[in-house]
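Asker: Got a structure here, written out as structure tokens. Questions coming.
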Amino acid sequence: MAGQHPTRRQVLEALSAAAIAATAQGFCRWNWAFAQGPPRHTHIAPSAPHRAATYHPVFFTPPQYSAVVALAELILPATAQHRPAVHRVSNPANAGATDAGVAEFIDFMVSQDASLQPRFRTGLQWMDESAGTKDFLTLSSPEQTALLQRIAYKKNFQPNEKPGQDFFVLMRKYTVMGFYTSRIGLESIDYPGLRFYAESPSVPQDAFLHSLGV
């Protein structure tokens with residue numbers, strides 16, 4: 001969905017809040033932005049930490065986790081039509097929440113914060129109850145998008161859907177946090193903190209400094 005790019009301050013806040021996840025094991029796709037050494041465009045090969053073949057949710061049930069995956073991708077979808085079979089995206093600018101493993105990050109963060117757990121449980125339950133005769137996961141893609149748009153945009157707000165609106169704000173916050181604390185997320189916005197110089201940049205020539213022998 002539109003308007004999800006973070007400000008520089010939000011990126012820094014997210015990096016600080018997510019630092020604890022960098023020490024956790026079991027992630028399959030989500031990867032701490034600074035955990036792999038220098039960015040891929042340098043001549044130094046990054047070290048590859050052990051990655052799990054499959055992610056096993058710590059907090060969510062399998063159906064709940066699948067719903068989180070779907071919601072995160074609706075909030076931050078991949079822009080490329082084709083996603084490669086491997087967990088590597090040739091152009092980070094095309095990456096979405098699924099590519100970055102955002103649902104893994106959300107599951108871990110919720111498992112570590114008891115205050116978040118009832119909010120996510122009730123929010124996901126609200127999504128299912130608001131899906132009519134189906135649950136959220138069994139809705140078609142257009143139906144899922146339509147339901148999300150009802151709670152994502154003020155022009156569509158209904159007074160009786162306040163719990164859903166609150167859940168969307170929470171879900172969007174942790175989706176954006178999970179994406180922009182991942183390696184691929186920061187690469188997608190060319191975050192300056194990832195830049196690596198193979199050698200120190202030279203000092204620009206200055207006539208005044210030269211006259212002083214500098």
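Chain labels run A, B, ... following the order of the structure tokens; each chain numbers its residues from 1, and ligands are numbered from 1 in the order shown.
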Hey, what's within 10 Å of range 56-72 of chain A if we count only C-alpha atoms and toss same-chain stuff fewer than 2 positions away? As a PyMOL selection string, please?

Answerer: chain A and resi 1+26-28+52-54+74-77+96-98+101-112+117+120-121+124-125+127-128+135-138+141+144-145+148+168+171-172+174-176+178-179

Asker: Go ahead and write the selection's residues with N, CA and C atoms as a compact mmCIF listing (two decimals), in the first residue's frame.

Answerer:
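As a result, again17.txt now contains:
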```
# COMPACT_ATOMS: atom_id res chain seq x y z
N MET A 1 0.84 -1.19 0.00
CA MET A 1 0.00 0.00 0.00
C MET A 1 0.88 1.24 0.00
N GLY A 26 17.14 -18.97 14.13
CA GLY A 26 15.94 -19.56 13.54
C GLY A 26 15.33 -18.79 12.40
N PHE A 27 15.82 -17.59 12.09
CA PHE A 27 15.26 -16.85 10.96
C PHE A 27 15.63 -17.53 9.65
N CYS A 28 14.70 -17.49 8.72
CA CYS A 28 14.92 -18.07 7.41
C CYS A 28 15.20 -16.97 6.39
N ALA A 52 18.04 -20.86 8.84
CA ALA A 52 17.15 -22.01 8.91
C ALA A 52 16.51 -22.25 7.55
N ALA A 53 16.28 -23.51 7.21
CA ALA A 53 15.66 -23.84 5.94
C ALA A 53 14.19 -23.42 5.93
N THR A 54 13.56 -23.53 7.07
CA THR A 54 12.14 -23.17 7.21
C THR A 54 11.96 -22.42 8.52
N LEU A 74 0.63 -7.25 1.72
CA LEU A 74 -0.33 -6.27 1.22
C LEU A 74 0.10 -4.85 1.58
N ILE A 75 0.72 -4.71 2.74
CA ILE A 75 1.17 -3.39 3.19
C ILE A 75 2.42 -2.96 2.44
N LEU A 76 3.37 -3.88 2.27
CA LEU A 76 4.61 -3.59 1.54
C LEU A 76 4.83 -4.66 0.47
N PRO A 77 4.13 -4.54 -0.65
CA PRO A 77 4.24 -5.57 -1.69
C PRO A 77 5.50 -5.42 -2.53
N GLY A 96 9.66 -6.86 -1.48
CA GLY A 96 8.50 -6.63 -0.63
C GLY A 96 8.69 -7.28 0.72
N ALA A 97 7.64 -7.25 1.52
CA ALA A 97 7.72 -7.78 2.88
C ALA A 97 8.08 -9.25 2.92
N THR A 98 7.54 -10.04 1.98
CA THR A 98 7.84 -11.47 1.98
C THR A 98 9.31 -11.73 1.69
N GLY A 101 11.31 -11.26 4.76
CA GLY A 101 10.99 -12.09 5.92
C GLY A 101 10.36 -11.30 7.05
N VAL A 102 9.55 -10.31 6.71
CA VAL A 102 8.96 -9.42 7.72
C VAL A 102 8.10 -10.18 8.73
N ALA A 103 7.36 -11.18 8.27
CA ALA A 103 6.50 -11.93 9.20
C ALA A 103 7.32 -12.64 10.26
N GLU A 104 8.52 -13.11 9.91
CA GLU A 104 9.41 -13.74 10.90
C GLU A 104 9.78 -12.73 11.98
N PHE A 105 10.13 -11.53 11.53
CA PHE A 105 10.50 -10.47 12.46
C PHE A 105 9.34 -10.14 13.39
N ILE A 106 8.14 -10.00 12.83
CA ILE A 106 6.97 -9.66 13.65
C ILE A 106 6.70 -10.76 14.67
N ASP A 107 6.75 -12.01 14.24
CA ASP A 107 6.52 -13.13 15.16
C ASP A 107 7.51 -13.10 16.31
N PHE A 108 8.77 -12.85 16.01
CA PHE A 108 9.78 -12.80 17.08
C PHE A 108 9.51 -11.64 18.03
N MET A 109 9.25 -10.45 17.49
CA MET A 109 9.04 -9.28 18.33
C MET A 109 7.81 -9.45 19.22
N VAL A 110 6.74 -10.02 18.68
CA VAL A 110 5.53 -10.22 19.48
C VAL A 110 5.79 -11.27 20.56
N SER A 111 6.57 -12.28 20.24
CA SER A 111 6.88 -13.32 21.24
C SER A 111 7.66 -12.77 22.41
N GLN A 112 8.37 -11.65 22.20
CA GLN A 112 9.20 -11.06 23.25
C GLN A 112 8.49 -9.97 24.04
N GLN A 117 1.02 -9.12 22.54
CA GLN A 117 0.39 -10.39 22.20
C GLN A 117 -1.13 -10.33 22.13
N PHE A 120 -2.25 -8.33 18.92
CA PHE A 120 -2.16 -9.05 17.65
C PHE A 120 -3.20 -10.16 17.58
N ARG A 121 -3.42 -10.87 18.68
CA ARG A 121 -4.44 -11.93 18.68
C ARG A 121 -5.82 -11.38 18.34
N LEU A 124 -6.01 -10.03 14.64
CA LEU A 124 -6.16 -11.08 13.64
C LEU A 124 -7.55 -11.71 13.71
N GLN A 125 -8.08 -11.84 14.92
CA GLN A 125 -9.44 -12.36 15.07
C GLN A 125 -10.45 -11.41 14.43
N MET A 127 -9.91 -9.44 11.90
CA MET A 127 -9.78 -9.60 10.46
C MET A 127 -10.60 -10.79 9.97
N ASP A 128 -10.54 -11.89 10.70
CA ASP A 128 -11.31 -13.07 10.30
C ASP A 128 -12.81 -12.82 10.43
N ASP A 135 -12.77 -16.75 6.37
CA ASP A 135 -11.77 -16.08 7.19
C ASP A 135 -10.85 -15.30 6.24
N PHE A 136 -9.98 -14.48 6.80
CA PHE A 136 -9.19 -13.57 5.97
C PHE A 136 -8.36 -14.30 4.92
N LEU A 137 -7.77 -15.42 5.31
CA LEU A 137 -6.89 -16.14 4.39
C LEU A 137 -7.63 -16.74 3.20
N THR A 138 -8.90 -17.04 3.36
CA THR A 138 -9.64 -17.67 2.26
C THR A 138 -10.29 -16.64 1.34
N SER A 141 -7.54 -12.33 -3.39
CA SER A 141 -6.62 -11.21 -3.24
C SER A 141 -7.33 -9.86 -3.32
N GLN A 144 -9.18 -9.34 -0.03
CA GLN A 144 -8.27 -8.99 1.06
C GLN A 144 -7.87 -7.52 0.98
N THR A 145 -7.55 -7.07 -0.23
CA THR A 145 -7.18 -5.67 -0.43
C THR A 145 -8.32 -4.74 -0.06
N LEU A 148 -8.65 -4.49 3.68
CA LEU A 148 -7.57 -3.69 4.27
C LEU A 148 -7.76 -2.21 3.98
N PHE A 168 -4.60 -2.18 12.14
CA PHE A 168 -3.85 -1.86 10.93
C PHE A 168 -2.66 -0.96 11.25
N MET A 171 -0.08 -3.18 12.80
CA MET A 171 0.49 -4.09 11.80
C MET A 171 1.40 -3.33 10.84
N ARG A 172 0.99 -2.15 10.43
CA ARG A 172 1.82 -1.35 9.53
C ARG A 172 3.12 -0.95 10.22
N TYR A 174 4.86 -2.49 12.56
CA TYR A 174 5.82 -3.57 12.67
C TYR A 174 6.23 -4.13 11.31
N THR A 175 5.38 -3.96 10.30
CA THR A 175 5.78 -4.35 8.95
C THR A 175 6.88 -3.44 8.45
N VAL A 176 6.68 -2.14 8.60
CA VAL A 176 7.69 -1.17 8.17
C VAL A 176 8.98 -1.36 8.99
N GLY A 178 10.06 -4.13 10.44
CA GLY A 178 10.71 -5.36 10.03
C GLY A 178 11.41 -5.23 8.69
N PHE A 179 10.79 -4.51 7.76
CA PHE A 179 11.38 -4.38 6.44
C PHE A 179 12.62 -3.50 6.47
```
